[in-house]
>>> print(open('structure_29.cif').read())   # mmCIF, C-alpha atoms and all ligand atoms
data_model
#
loop_
_atom_site.label_atom_id
_atom_site.label_comp_id
_atom_site.auth_asym_id
_atom_site.auth_seq_id
_atom_site.Cartn_x
_atom_site.Cartn_y
_atom_site.Cartn_z
CA MET A 47 -43.69 178.03 97.54
CA GLY A 48 -41.42 178.11 94.47
CA ILE A 49 -38.67 175.70 93.41
CA LEU A 50 -35.79 177.53 95.09
CA SER A 51 -37.42 176.84 98.46
CA ARG A 52 -38.65 173.35 97.63
CA TYR A 53 -35.53 172.04 95.86
CA GLY A 54 -32.89 174.54 97.01
CA ARG A 55 -30.45 171.84 98.06
CA PHE A 56 -30.03 170.78 94.42
CA PHE A 57 -29.08 174.27 93.24
CA PRO A 58 -25.88 176.34 93.59
CA ILE A 59 -27.39 178.86 96.00
CA SER A 60 -26.29 179.84 99.47
CA PRO A 61 -28.48 181.00 102.36
CA GLY A 62 -27.68 184.64 101.54
CA SER A 63 -28.43 184.34 97.79
CA PRO A 64 -31.34 186.35 96.39
CA ARG A 65 -34.30 183.99 95.96
CA LEU A 66 -37.09 185.05 93.67
CA ASP A 67 -40.37 183.20 94.08
CA LEU A 68 -43.46 183.52 91.92
CA GLY A 69 -44.74 180.12 93.04
CA GLU A 70 -43.25 178.30 90.04
CA GLY A 71 -43.28 174.52 89.79
CA ASN A 72 -45.52 172.11 91.70
CA THR A 73 -47.53 171.70 88.49
CA PRO A 74 -50.21 169.00 88.12
CA LEU A 75 -49.40 165.49 86.91
CA VAL A 76 -52.65 164.41 85.30
CA ARG A 77 -53.52 160.83 84.36
CA LEU A 78 -55.16 160.61 80.93
CA GLY A 79 -57.37 157.53 81.19
CA ARG A 80 -59.20 157.92 77.90
CA LEU A 81 -56.01 158.29 75.87
CA GLU A 82 -54.51 155.32 77.75
CA GLU A 83 -57.19 153.09 76.25
CA LEU A 84 -56.30 154.20 72.71
CA LEU A 85 -52.54 154.05 73.17
CA GLU A 86 -52.40 150.98 75.46
CA VAL A 87 -49.86 152.62 77.79
CA GLN A 88 -50.06 154.27 81.20
CA LEU A 89 -50.08 157.98 80.41
CA TRP A 90 -49.64 161.14 82.45
CA ALA A 91 -49.34 164.80 81.44
CA LYS A 92 -47.07 167.16 83.37
CA VAL A 93 -49.04 170.38 82.92
CA GLU A 94 -46.35 173.05 82.76
CA GLY A 95 -48.82 175.62 81.48
CA ALA A 96 -49.83 175.94 85.15
CA ASN A 97 -46.59 177.81 85.92
CA PRO A 98 -46.79 181.55 86.77
CA THR A 99 -46.14 182.78 83.22
CA GLY A 100 -47.75 179.73 81.62
CA SER A 101 -44.70 177.69 80.63
CA PHE A 102 -41.87 175.51 81.97
CA LYS A 103 -39.43 178.37 81.43
CA ASP A 104 -40.22 179.72 84.90
CA ARG A 105 -38.34 176.81 86.50
CA GLY A 106 -35.06 177.86 84.91
CA MET A 107 -35.69 181.58 84.89
CA VAL A 108 -36.25 181.87 88.64
CA LEU A 109 -32.72 180.55 89.21
CA ALA A 110 -31.05 182.35 86.28
CA VAL A 111 -32.47 185.75 87.28
CA SER A 112 -31.80 185.20 91.01
CA LYS A 113 -28.15 184.40 90.14
CA ALA A 114 -27.94 187.43 87.83
CA MET A 115 -29.06 189.55 90.80
CA GLU A 116 -26.43 187.93 93.02
CA GLU A 117 -23.75 188.75 90.42
CA GLY A 118 -24.87 192.37 90.36
CA ALA A 119 -26.18 192.36 86.77
CA ARG A 120 -28.26 195.39 85.89
CA GLY A 121 -30.34 193.57 83.36
CA VAL A 122 -30.98 190.38 81.41
CA ILE A 123 -31.34 189.69 77.69
CA CYS A 124 -32.69 186.78 75.66
CA ALA A 125 -33.75 185.68 72.22
CA SER A 126 -37.03 183.86 72.22
CA THR A 127 -39.76 182.10 70.31
CA GLY A 128 -42.01 183.64 72.99
CA ASN A 129 -42.09 181.74 76.27
CA THR A 130 -38.54 182.51 77.39
CA SER A 131 -39.21 186.21 76.85
CA ALA A 132 -42.44 186.14 78.86
CA SER A 133 -40.71 184.36 81.73
CA ALA A 134 -37.53 186.49 81.62
CA ALA A 135 -39.62 189.67 81.63
CA ALA A 136 -41.66 188.53 84.63
CA TYR A 137 -38.72 187.42 86.79
CA ALA A 138 -36.58 190.43 85.81
CA SER A 139 -39.39 192.75 86.89
CA ALA A 140 -39.85 190.84 90.13
CA GLY A 141 -36.11 191.20 90.80
CA GLY A 142 -35.89 194.85 89.77
CA LEU A 143 -33.71 194.17 86.68
CA SER A 144 -34.24 195.39 83.13
CA CYS A 145 -35.16 192.85 80.46
CA SER A 146 -34.37 193.08 76.75
CA VAL A 147 -35.84 190.63 74.27
CA LEU A 148 -35.13 189.79 70.62
CA LEU A 149 -37.97 187.94 68.86
CA PRO A 150 -38.17 186.51 65.32
CA SER A 151 -40.46 189.06 63.69
CA GLY A 152 -43.99 187.85 62.93
CA LYS A 153 -43.34 184.33 64.27
CA VAL A 154 -44.25 184.62 67.94
CA ALA A 155 -47.77 183.97 69.28
CA LYS A 156 -49.47 187.24 70.24
CA GLY A 157 -50.17 186.23 73.83
CA LYS A 158 -46.46 185.74 74.47
CA VAL A 159 -45.52 189.11 72.94
CA ALA A 160 -48.21 190.72 75.11
CA GLN A 161 -46.79 189.06 78.23
CA ALA A 162 -43.24 190.31 77.58
CA LEU A 163 -44.49 193.84 76.98
CA ILE A 164 -46.85 193.89 79.95
CA TYR A 165 -44.20 192.56 82.33
CA GLY A 166 -42.12 195.54 81.21
CA ALA A 167 -39.49 194.20 78.79
CA LYS A 168 -37.98 196.12 75.89
CA VAL A 169 -39.08 193.96 72.98
CA VAL A 170 -37.36 194.06 69.58
CA ALA A 171 -38.69 192.12 66.57
CA VAL A 172 -35.75 191.01 64.43
CA LYS A 173 -36.25 190.31 60.72
CA GLY A 174 -34.78 186.82 60.90
CA SER A 175 -35.17 183.46 62.64
CA PHE A 176 -34.85 182.60 66.34
CA ASP A 177 -31.39 181.22 65.55
CA ASP A 178 -30.37 184.61 64.07
CA ALA A 179 -31.76 186.40 67.15
CA LEU A 180 -29.88 184.13 69.58
CA LYS A 181 -26.62 184.64 67.70
CA LEU A 182 -27.09 188.42 68.00
CA VAL A 183 -27.93 188.17 71.70
CA ARG A 184 -24.78 186.15 72.44
CA GLU A 185 -22.61 188.59 70.47
CA MET A 186 -24.13 191.76 71.92
CA ALA A 187 -24.73 190.87 75.60
CA PRO A 188 -21.14 191.57 76.78
CA GLN A 189 -21.08 194.97 75.03
CA LEU A 190 -24.44 195.84 76.57
CA GLY A 191 -23.44 194.57 80.02
CA LEU A 192 -26.47 192.26 80.16
CA LYS A 193 -26.76 188.66 81.38
CA VAL A 194 -27.97 186.14 78.78
CA VAL A 195 -30.85 184.05 80.16
CA ASN A 196 -31.34 181.67 77.24
CA SER A 197 -30.59 178.00 77.87
CA VAL A 198 -26.89 178.67 77.15
CA ASN A 199 -26.99 179.96 80.74
CA PRO A 200 -26.30 176.85 82.88
CA MET A 201 -28.62 178.12 85.64
CA ARG A 202 -31.57 177.75 83.30
CA LEU A 203 -30.95 174.04 82.87
CA LYS A 204 -30.27 173.52 86.57
CA GLY A 205 -33.62 175.08 87.49
CA GLN A 206 -35.42 173.05 84.84
CA MET A 207 -34.14 169.82 86.45
CA SER A 208 -36.93 170.43 88.99
CA GLY A 209 -39.47 169.18 86.43
CA ALA A 210 -37.86 165.74 86.61
CA PHE A 211 -37.70 165.87 90.44
CA GLU A 212 -41.41 166.63 90.65
CA ILE A 213 -42.40 163.84 88.27
CA CYS A 214 -40.52 161.31 90.41
CA ASP A 215 -41.96 162.77 93.62
CA GLN A 216 -45.50 162.74 92.22
CA LEU A 217 -45.30 159.26 90.64
CA LYS A 218 -43.26 157.89 93.57
CA ASP A 219 -41.23 156.28 90.78
CA SER A 220 -39.67 157.23 87.47
CA PRO A 221 -41.59 156.67 84.23
CA ASP A 222 -40.35 154.31 81.50
CA TRP A 223 -40.45 157.09 78.90
CA LEU A 224 -40.29 160.86 79.19
CA ALA A 225 -41.92 162.29 76.04
CA ILE A 226 -40.96 165.91 75.50
CA PRO A 227 -40.98 168.54 72.72
CA VAL A 228 -37.56 169.67 71.53
CA GLY A 229 -36.60 173.10 70.18
CA ASN A 230 -33.30 174.50 71.42
CA ALA A 231 -32.86 171.11 73.17
CA GLY A 232 -32.33 172.59 76.63
CA ASN A 233 -35.31 171.11 78.44
CA ILE A 234 -34.66 167.50 77.39
CA THR A 235 -31.05 167.96 78.58
CA ALA A 236 -32.26 169.41 81.89
CA TYR A 237 -34.77 166.61 82.50
CA TRP A 238 -32.06 164.04 81.88
CA ALA A 239 -29.75 165.76 84.37
CA GLY A 240 -32.63 165.88 86.87
CA PHE A 241 -33.39 162.15 86.59
CA MET A 242 -29.68 161.32 86.85
CA ARG A 243 -29.39 163.47 89.96
CA TYR A 244 -32.31 161.64 91.61
CA LEU A 245 -30.74 158.31 90.63
CA ARG A 246 -27.42 159.30 92.23
CA GLU A 247 -29.24 160.40 95.38
CA GLY A 248 -30.92 156.99 95.56
CA LEU A 249 -34.37 158.56 95.18
CA ILE A 250 -35.23 156.48 92.10
CA ARG A 251 -33.96 153.10 90.91
CA LYS A 252 -33.91 153.64 87.15
CA VAL A 253 -34.02 156.54 84.71
CA PRO A 254 -36.50 156.87 81.84
CA ALA A 255 -35.73 156.75 78.14
CA MET A 256 -35.76 160.32 76.85
CA VAL A 257 -37.96 160.54 73.77
CA GLY A 258 -37.79 163.92 72.04
CA PHE A 259 -40.36 165.14 69.51
CA GLN A 260 -39.86 167.86 66.89
CA ALA A 261 -42.03 169.35 64.17
CA GLU A 262 -41.18 167.99 60.71
CA GLY A 263 -40.31 171.45 59.37
CA ALA A 264 -37.90 172.09 62.24
CA SER A 265 -36.37 168.70 63.02
CA PRO A 266 -32.57 169.00 63.05
CA MET A 267 -32.29 166.50 65.92
CA VAL A 268 -34.11 163.87 63.87
CA SER A 269 -32.34 164.49 60.55
CA GLY A 270 -28.93 165.16 62.10
CA THR A 271 -28.42 168.36 60.09
CA PHE A 272 -29.17 171.96 61.00
CA VAL A 273 -32.11 173.60 59.22
CA ASP A 274 -31.63 177.08 57.73
CA SER A 275 -35.29 178.02 57.36
CA PRO A 276 -37.27 176.11 59.99
CA ASN A 277 -41.04 176.25 59.69
CA THR A 278 -43.94 174.88 61.73
CA VAL A 279 -47.27 175.91 63.19
CA ALA A 280 -45.67 175.12 66.59
CA THR A 281 -43.80 178.44 66.66
CA ALA A 282 -42.29 177.76 70.10
CA ILE A 283 -40.09 175.03 68.57
CA ARG A 284 -39.43 176.72 65.22
CA ILE A 285 -35.67 176.32 65.69
CA GLY A 286 -33.15 175.06 63.12
CA LYS A 287 -29.87 175.17 65.06
CA PRO A 288 -30.41 173.99 68.66
CA VAL A 289 -27.63 175.31 70.92
CA ASN A 290 -27.88 172.29 73.23
CA ALA A 291 -27.90 169.76 70.36
CA SER A 292 -24.83 167.76 71.38
CA LYS A 293 -25.79 167.47 75.08
CA ALA A 294 -29.33 166.43 74.14
CA ARG A 295 -28.09 163.88 71.61
CA TRP A 296 -25.91 162.32 74.29
CA ALA A 297 -28.72 162.25 76.86
CA VAL A 298 -31.10 160.61 74.41
CA LYS A 299 -28.51 158.05 73.35
CA ILE A 300 -27.42 156.88 76.79
CA SER A 301 -30.99 156.83 78.10
CA GLY A 302 -31.99 154.45 75.30
CA GLY A 303 -34.39 157.00 73.81
CA PHE A 304 -34.73 158.57 70.36
CA PHE A 305 -35.93 161.63 68.45
CA GLU A 306 -38.99 161.59 66.18
CA ALA A 307 -40.68 164.18 63.96
CA VAL A 308 -44.41 164.85 63.59
CA SER A 309 -46.32 166.89 61.02
CA ASP A 310 -48.18 170.11 61.78
CA ARG A 311 -51.46 168.30 61.07
CA GLU A 312 -50.60 165.60 63.63
CA ILE A 313 -49.68 168.30 66.18
CA LEU A 314 -53.00 170.11 65.74
CA GLU A 315 -54.96 166.85 65.94
CA ALA A 316 -53.15 166.04 69.19
CA GLN A 317 -54.00 169.51 70.51
CA MET A 318 -57.71 168.82 69.91
CA ARG A 319 -57.45 165.37 71.52
CA LEU A 320 -55.91 166.90 74.64
CA ALA A 321 -58.47 169.69 74.71
CA ARG A 322 -61.19 167.00 74.70
CA CYS A 323 -59.55 165.62 77.84
CA GLY A 324 -59.86 169.07 79.42
CA ILE A 325 -56.30 170.27 78.87
CA PHE A 326 -55.48 173.20 76.60
CA ALA A 327 -51.78 173.15 75.72
CA GLU A 328 -50.02 175.19 73.05
CA PRO A 329 -49.12 173.47 69.74
CA ALA A 330 -45.44 172.79 70.56
CA SER A 331 -46.52 171.01 73.75
CA CYS A 332 -48.69 168.65 71.75
CA ALA A 333 -45.84 167.24 69.63
CA PRO A 334 -45.26 164.38 72.13
CA LEU A 335 -48.89 163.21 72.03
CA ALA A 336 -48.85 163.49 68.24
CA GLY A 337 -45.70 161.39 68.32
CA LEU A 338 -47.18 158.72 70.60
CA PHE A 339 -50.10 158.28 68.21
CA LYS A 340 -47.69 158.08 65.28
CA LEU A 341 -45.56 155.45 67.05
CA LYS A 342 -48.68 153.49 68.00
CA SER A 343 -49.87 153.41 64.38
CA GLN A 344 -46.45 152.12 63.35
CA GLY A 345 -46.36 149.45 66.06
CA ARG A 346 -43.42 151.17 67.77
CA LEU A 347 -45.09 151.99 71.10
CA PRO A 348 -44.46 149.22 73.65
CA LYS A 349 -47.65 148.10 75.41
CA GLY A 350 -48.21 148.90 79.08
CA ILE A 351 -45.22 151.20 79.65
CA LYS A 352 -45.44 154.27 81.89
CA VAL A 353 -45.17 157.44 79.81
CA VAL A 354 -45.05 161.02 81.10
CA MET A 355 -45.56 163.76 78.50
CA VAL A 356 -44.32 167.25 79.31
CA LEU A 357 -46.98 169.77 78.22
CA THR A 358 -44.59 172.69 78.13
CA GLY A 359 -46.89 175.68 77.60
CA ASN A 360 -50.42 176.96 78.12
CA GLY A 361 -52.79 176.97 75.14
CA LEU A 362 -54.11 180.44 75.97
CA LYS A 363 -50.83 181.96 74.81
CA ASP A 364 -51.58 181.11 71.18
CA LEU A 365 -55.25 181.40 70.32
CA GLU A 366 -55.04 182.02 66.59
CA THR A 367 -53.71 178.58 65.66
CA PRO A 368 -56.35 176.33 67.27
CA LEU A 369 -59.36 178.61 66.88
CA GLY A 370 -59.42 177.81 63.17
CA MET A 371 -60.00 174.16 64.08
CA ALA A 372 -62.49 174.54 66.92
CA GLY A 373 -66.25 174.89 66.37
CA ASP A 374 -67.82 178.27 65.54
CA LEU A 375 -69.36 180.63 68.06
CA LEU A 376 -73.15 180.65 67.72
CA GLU A 377 -74.74 184.12 68.05
CA VAL A 378 -78.51 184.41 68.50
CA GLU A 379 -81.18 186.81 69.83
CA ALA A 380 -81.72 186.81 73.61
CA ASP A 381 -84.68 184.49 73.15
CA GLN A 382 -85.37 180.96 74.49
CA ASP A 383 -86.61 179.54 71.18
CA ALA A 384 -83.57 180.82 69.30
CA ILE A 385 -81.23 179.35 71.92
CA ARG A 386 -83.07 176.00 71.94
CA GLU A 387 -82.79 175.82 68.18
CA VAL A 388 -79.00 176.26 68.06
CA LEU A 389 -78.38 174.00 71.05
CA GLY A 390 -80.43 171.26 69.35
N1 LIG B 401 -42.24 173.88 74.33
C1 LIG B 401 -42.45 175.19 74.45
C2 LIG B 401 -43.82 175.67 74.76
C3 LIG B 401 -41.37 176.10 74.29
O1 LIG B 401 -41.59 177.40 74.43
C4 LIG B 401 -40.09 175.59 73.99
C5 LIG B 401 -38.96 176.49 73.80
C6 LIG B 401 -39.94 174.21 73.89
C7 LIG B 401 -41.04 173.38 74.06
C8 LIG B 401 -38.63 173.57 73.59
O2 LIG B 401 -37.77 173.62 74.67
O3 LIG B 401 -35.90 174.81 73.60
O4 LIG B 401 -35.58 173.61 75.75
O5 LIG B 401 -35.93 172.35 73.63
N2 LIG B 401 -39.05 177.74 73.75
C9 LIG B 401 -37.92 178.68 73.70
C10 LIG B 401 -38.40 180.10 73.87
C11 LIG B 401 -37.00 178.46 72.59
O6 LIG B 401 -37.74 181.04 73.40
O7 LIG B 401 -39.44 180.31 74.50
P1 LIG B 401 -36.20 173.59 74.41
#
>>> encode(input="structure_29.cif", output="structure tokens")
Amino acid sequence: MGILSRYGRFFPISPGSPRLDLGEGNTPLVRLGRLEELLEVQLWAKVEGANPTGSFKDRGMVLAVSKAMEEGARGVICASTGNTSASAAAYASAGGLSCSVLLPSGKVAKGKVAQALIYGAKVVAVKGSFDDALKLVREMAPQLGLKVVNSVNPMRLKGQMSGAFEICDQLKDSPDWLAIPVGNAGNITAYWAGFMRYLREGLIRKVPAMVGFQAEGASPMVSGTFVDSPNTVATAIRIGKPVNASKARWAVKISGGFFEAVSDREILEAQMRLARCGIFAEPASCAPLAGLFKLKSQGRLPKGIKVVMVLTGNGLKDLETPLGMAGDLLEVEADQDAIREVLG
């Protein structure tokens, strides 16, 4: 059962509204005991890679595309660093709408491009950044008669509030910190709105500090200035001009949180650490864990607090980046001695 059935009362939908359902949400909240020992906090991972298209985007897309159907749109359009396009393509197909996608050429993980194409989207690689692609989408959508399903669409953020609802439902409490990667700054804004909604409903007693992590080469929320040529191995968050920057800044400030940047090397180390706990998340998703280790080494991570990290996307979407760091495949003859030798 997807989020429109489980959390419908929190969304602007009526009984007659179209309700898509690919079984999104209800993702695992996994306790990471071994990392807790190193970090001296209580630590959980919200594994959003378990969503139908392998990222948190499905939570917002199911509502945005359902509403587009209700409004009679014939199709949807988005710019994307990959995951939004995969999700938009899947939900548009499920709802019988067309999907058009603008990607920054050469900067999207192959698995995500494959998803958008296989789900049936028209995919255009634009010679420019994600920020350039989003600007074009916003300018062209009205002429093309298409509904924009990037996080400038308020339905996206409303649907993504469900991540916060689930964390509270699963923990039976709210965490002290929510640690989350930040690109276009929509998800951190949505989580904040979700926690605030639960607080207003009396379902939790306090809200967490929102702690947003960016890659050093694409960290406008940390530096306070937009970045013209963002660059990072975490291509999902290779964004220099976040459209939700001011809302996210406000959420972080009033929650008592902060933004922090981590290097590509720290992100890839964190990806390996998580993999050794049995969780394969894409590089962008590992920025929070990289950040927690950085804060710990600087004495800035309070002992004993409850931290939930949002692992936003599945590692299988981007195989090229981590394979360079993993061990080599060992090929031998189909022979017991040869196998024994390589296995040691
Ligand atoms: N993590 C992953 C895996 C993402 O794909 C994104 C954003 C983020 C984190 C950051 O979320 O933008 O709400 O701050 N991906 C978008 C896309 C931009 O096009 O797929 P945000």
>>> closest_residue(input="structure_29.cif", among="A:Asp177, A:Glu117, A:Glu379, A:Asp310", to="Gly263 (chain A)", atoms="only C-alpha atoms")
A:Asp310
>>> closest_atom_pairs(input="structure_29.cif", of="chain A", to="ligand LIG 401 (chain B)", cutoff="6 Å", atoms="only C-alpha atoms and all ligand atoms", output="JSON lines")
{"residue": "A:Ser126", "atom": "CA", "partner": "B:LIG401", "partner_atom": "O6", "distance": 3.1}
{"residue": "A:Thr127", "atom": "CA", "partner": "B:LIG401", "partner_atom": "O6", "distance": 3.8}
{"residue": "A:Gly128", "atom": "CA", "partner": "B:LIG401", "partner_atom": "O7", "distance": 4.5}
{"residue": "A:Asn129", "atom": "CA", "partner": "B:LIG401", "partner_atom": "O7", "distance": 3.5}
{"residue": "A:Thr130", "atom": "CA", "partner": "B:LIG401", "partner_atom": "O7", "distance": 3.7}
{"residue": "A:Pro227", "atom": "CA", "partner": "B:LIG401", "partner_atom": "C7", "distance": 5.0}
{"residue": "A:Val228", "atom": "CA", "partner": "B:LIG401", "partner_atom": "O5", "distance": 3.8}
{"residue": "A:Gly229", "atom": "CA", "partner": "B:LIG401", "partner_atom": "O5", "distance": 3.6}
{"residue": "A:Asn230", "atom": "CA", "partner": "B:LIG401", "partner_atom": "O3", "distance": 3.4}
{"residue": "A:Ala231", "atom": "CA", "partner": "B:LIG401", "partner_atom": "O5", "distance": 3.3}
{"residue": "A:Gly232", "atom": "CA", "partner": "B:LIG401", "partner_atom": "O4", "distance": 3.5}
{"residue": "A:Asn233", "atom": "CA", "partner": "B:LIG401", "partner_atom": "O4", "distance": 3.7}
{"residue": "A:Ala282", "atom": "CA", "partner": "B:LIG401", "partner_atom": "O1", "distance": 4.4}
{"residue": "A:Ile283", "atom": "CA", "partner": "B:LIG401", "partner_atom": "C6", "distance": 5.4}
{"residue": "A:Ala330", "atom": "CA", "partner": "B:LIG401", "partner_atom": "N1", "distance": 5.1}
{"residue": "A:Ser331", "atom": "CA", "partner": "B:LIG401", "partner_atom": "N1", "distance": 5.2}
{"residue": "A:Thr358", "atom": "CA", "partner": "B:LIG401", "partner_atom": "C2", "distance": 4.6}
{"residue": "A:Gly359", "atom": "CA", "partner": "B:LIG401", "partner_atom": "C2", "distance": 4.2}
>>> atom_distance(input="structure_29.cif", atom1="CA of Ala297 (chain A)", atom2="CA of Ile234 (chain A)")
7.9 Å
>>> atom_distance(input="structure_29.cif", atom1="CA of Ser301 (chain A)", atom2="CA of Arg55 (chain A)")
25.0 Å
>>> residues_around(input="structure_29.cif", residues="Arg202 (chain A)", least_positions_apart="2", cutoff="12 Å", atoms="only C-alpha atoms", output="JSON, numbers by chain")
{"A": [57, 58, 102, 103, 104, 105, 106, 107, 108, 109, 110, 111, 112, 113, 114, 124, 130, 133, 134, 194, 195, 196, 197, 198, 199, 200, 204, 205, 206, 207, 208, 232, 233, 235, 236, 237]}
>>> write_last_selection(input="structure_29.cif", atoms="C-alpha atoms", output="short mmCIF file (atom, residue, chain, number, x, y, z; two decimals), keeping the file's coordinate frame")
data_model
loop_
_atom_site.label_atom_id
_atom_site.label_comp_id
_atom_site.auth_asym_id
_atom_site.auth_seq_id
_atom_site.Cartn_x
_atom_site.Cartn_y
_atom_site.Cartn_z
CA PHE A 57 -29.08 174.27 93.24
CA PRO A 58 -25.88 176.34 93.59
CA PHE A 102 -41.87 175.51 81.97
CA LYS A 103 -39.43 178.37 81.43
CA ASP A 104 -40.22 179.72 84.90
CA ARG A 105 -38.34 176.81 86.50
CA GLY A 106 -35.06 177.86 84.91
CA MET A 107 -35.69 181.58 84.89
CA VAL A 108 -36.25 181.87 88.64
CA LEU A 109 -32.72 180.55 89.21
CA ALA A 110 -31.05 182.35 86.28
CA VAL A 111 -32.47 185.75 87.28
CA SER A 112 -31.80 185.20 91.01
CA LYS A 113 -28.15 184.40 90.14
CA ALA A 114 -27.94 187.43 87.83
CA CYS A 124 -32.69 186.78 75.66
CA THR A 130 -38.54 182.51 77.39
CA SER A 133 -40.71 184.36 81.73
CA ALA A 134 -37.53 186.49 81.62
CA VAL A 194 -27.97 186.14 78.78
CA VAL A 195 -30.85 184.05 80.16
CA ASN A 196 -31.34 181.67 77.24
CA SER A 197 -30.59 178.00 77.87
CA VAL A 198 -26.89 178.67 77.15
CA ASN A 199 -26.99 179.96 80.74
CA PRO A 200 -26.30 176.85 82.88
CA LYS A 204 -30.27 173.52 86.57
CA GLY A 205 -33.62 175.08 87.49
CA GLN A 206 -35.42 173.05 84.84
CA MET A 207 -34.14 169.82 86.45
CA SER A 208 -36.93 170.43 88.99
CA GLY A 232 -32.33 172.59 76.63
CA ASN A 233 -35.31 171.11 78.44
CA THR A 235 -31.05 167.96 78.58
CA ALA A 236 -32.26 169.41 81.89
CA TYR A 237 -34.77 166.61 82.50
#
>>> closest_residue(input="structure_29.cif", among="A:Gly209, A:Gly152, A:Pro64, A:Gly270", to="Gly240 (chain A)", atoms="all atoms listed in the file")
A:Gly209
>>> closest_residue(input="structure_29.cif", among="A:Asn290, A:Thr367, A:Ser269, A:Leu163", to="Leu203 (chain A)", atoms="only C-alpha atoms")
A:Asn290
>>> atom_distance(input="structure_29.cif", atom1="CA of Lys168 (chain A)", atom2="CA of Ser146 (chain A)")
4.8 Å
>>> residues_around(input="structure_29.cif", residues="Leu78 (chain A)", least_positions_apart="6", cutoff="10 Å", atoms="all atoms listed in the file", output="PyMOL selection string")
chain A and resi 88-91+320+323-325
>>> write_last_selection(input="structure_29.cif", atoms="C-alpha atoms", output="short mmCIF file (atom, residue, chain, number, x, y, z; two decimals), keeping the file's coordinate frame")
data_model
loop_
_atom_site.label_atom_id
_atom_site.label_comp_id
_atom_site.auth_asym_id
_atom_site.auth_seq_id
_atom_site.Cartn_x
_atom_site.Cartn_y
_atom_site.Cartn_z
CA GLN A 88 -50.06 154.27 81.20
CA LEU A 89 -50.08 157.98 80.41
CA TRP A 90 -49.64 161.14 82.45
CA ALA A 91 -49.34 164.80 81.44
CA LEU A 320 -55.91 166.90 74.64
CA CYS A 323 -59.55 165.62 77.84
CA GLY A 324 -59.86 169.07 79.42
CA ILE A 325 -56.30 170.27 78.87
#
>>> residues_around(input="structure_29.cif", residues="Ile300 (chain A)", least_positions_apart="2", cutoff="12 Å", atoms="only C-alpha atoms", output="PDB file with C-alpha atoms, keeping the file's coordinate frame")
ATOM      1  CA  THR A 235     -31.050 167.960  78.580  1.00  0.00           C
ATOM      2  CA  TRP A 238     -32.060 164.040  81.880  1.00  0.00           C
ATOM      3  CA  ALA A 239     -29.750 165.760  84.370  1.00  0.00           C
ATOM      4  CA  MET A 242     -29.680 161.320  86.850  1.00  0.00           C
ATOM      5  CA  VAL A 253     -34.020 156.540  84.710  1.00  0.00           C
ATOM      6  CA  PRO A 254     -36.500 156.870  81.840  1.00  0.00           C
ATOM      7  CA  ALA A 255     -35.730 156.750  78.140  1.00  0.00           C
ATOM      8  CA  MET A 256     -35.760 160.320  76.850  1.00  0.00           C
ATOM      9  CA  VAL A 257     -37.960 160.540  73.770  1.00  0.00           C
ATOM     10  CA  LYS A 293     -25.790 167.470  75.080  1.00  0.00           C
ATOM     11  CA  ALA A 294     -29.330 166.430  74.140  1.00  0.00           C
ATOM     12  CA  ARG A 295     -28.090 163.880  71.610  1.00  0.00           C
ATOM     13  CA  TRP A 296     -25.910 162.320  74.290  1.00  0.00           C
ATOM     14  CA  ALA A 297     -28.720 162.250  76.860  1.00  0.00           C
ATOM     15  CA  VAL A 298     -31.100 160.610  74.410  1.00  0.00           C
ATOM     16  CA  GLY A 302     -31.990 154.450  75.300  1.00  0.00           C
ATOM     17  CA  GLY A 303     -34.390 157.000  73.810  1.00  0.00           C
ATOM     18  CA  PHE A 304     -34.730 158.570  70.360  1.00  0.00           C
TER      19      PHE A 304
END
>>> closest_residue(input="structure_29.cif", among="A:Arg77, A:Ser275, A:Arg65, A:Ser265", to="Tyr137 (chain A)", atoms="all atoms listed in the file")
A:Arg65
>>> closest_residue(input="structure_29.cif", among="A:Glu366, A:Asp215, A:Asp274, A:Asp383", to="Tyr53 (chain A)", atoms="only C-alpha atoms")
A:Asp215
>>> closest_residue(input="structure_29.cif", among="A:Asp364, A:Gln382, A:Ala372, A:Val273", to="Met318 (chain A)", atoms="only C-alpha atoms")
A:Ala372
>>> residues_around(input="structure_29.cif", residues="Val183 (chain A)", least_positions_apart="4", cutoff="8 Å", atoms="all atoms listed in the file", output="list in words")
Ile123, Cys124, Ala125, Leu148, Ala179, Ala187 and Val194 of chain A
>>> residues_near_point(input="structure_29.cif", point="(-37.5, 157.4, 90.4)", cutoff="9 Å", atoms="all atoms listed in the file", output="JSON, numbers by chain")
{"A": [211, 213, 214, 215, 217, 218, 219, 220, 221, 241, 244, 245, 248, 249, 250, 251, 252, 253, 254]}
>>> residues_near_point(input="structure_29.cif", point="(-47.6, 186.8, 68.9)", cutoff="10 Å", atoms="only C-alpha atoms", output="JSON, numbers by chain")
{"A": [127, 128, 149, 151, 152, 153, 154, 155, 156, 157, 158, 159, 160, 161, 281, 363, 364, 365, 366]}
>>> axis_aligned_box(input="structure_29.cif", around="region 198-206 of chain A", padding_each_side="4 Å", output="JSON")
{"center_x": -30.9, "center_y": 176.5, "center_z": 82.3, "size_x": 17.1, "size_y": 14.9, "size_z": 18.3}
>>> residues_around(input="structure_29.cif", residues="Pro61 (chain A)", least_positions_apart="6", cutoff="12 Å", atoms="all atoms listed in the file", output="ChimeraX atom specification")
/A:50-51,54-55,116
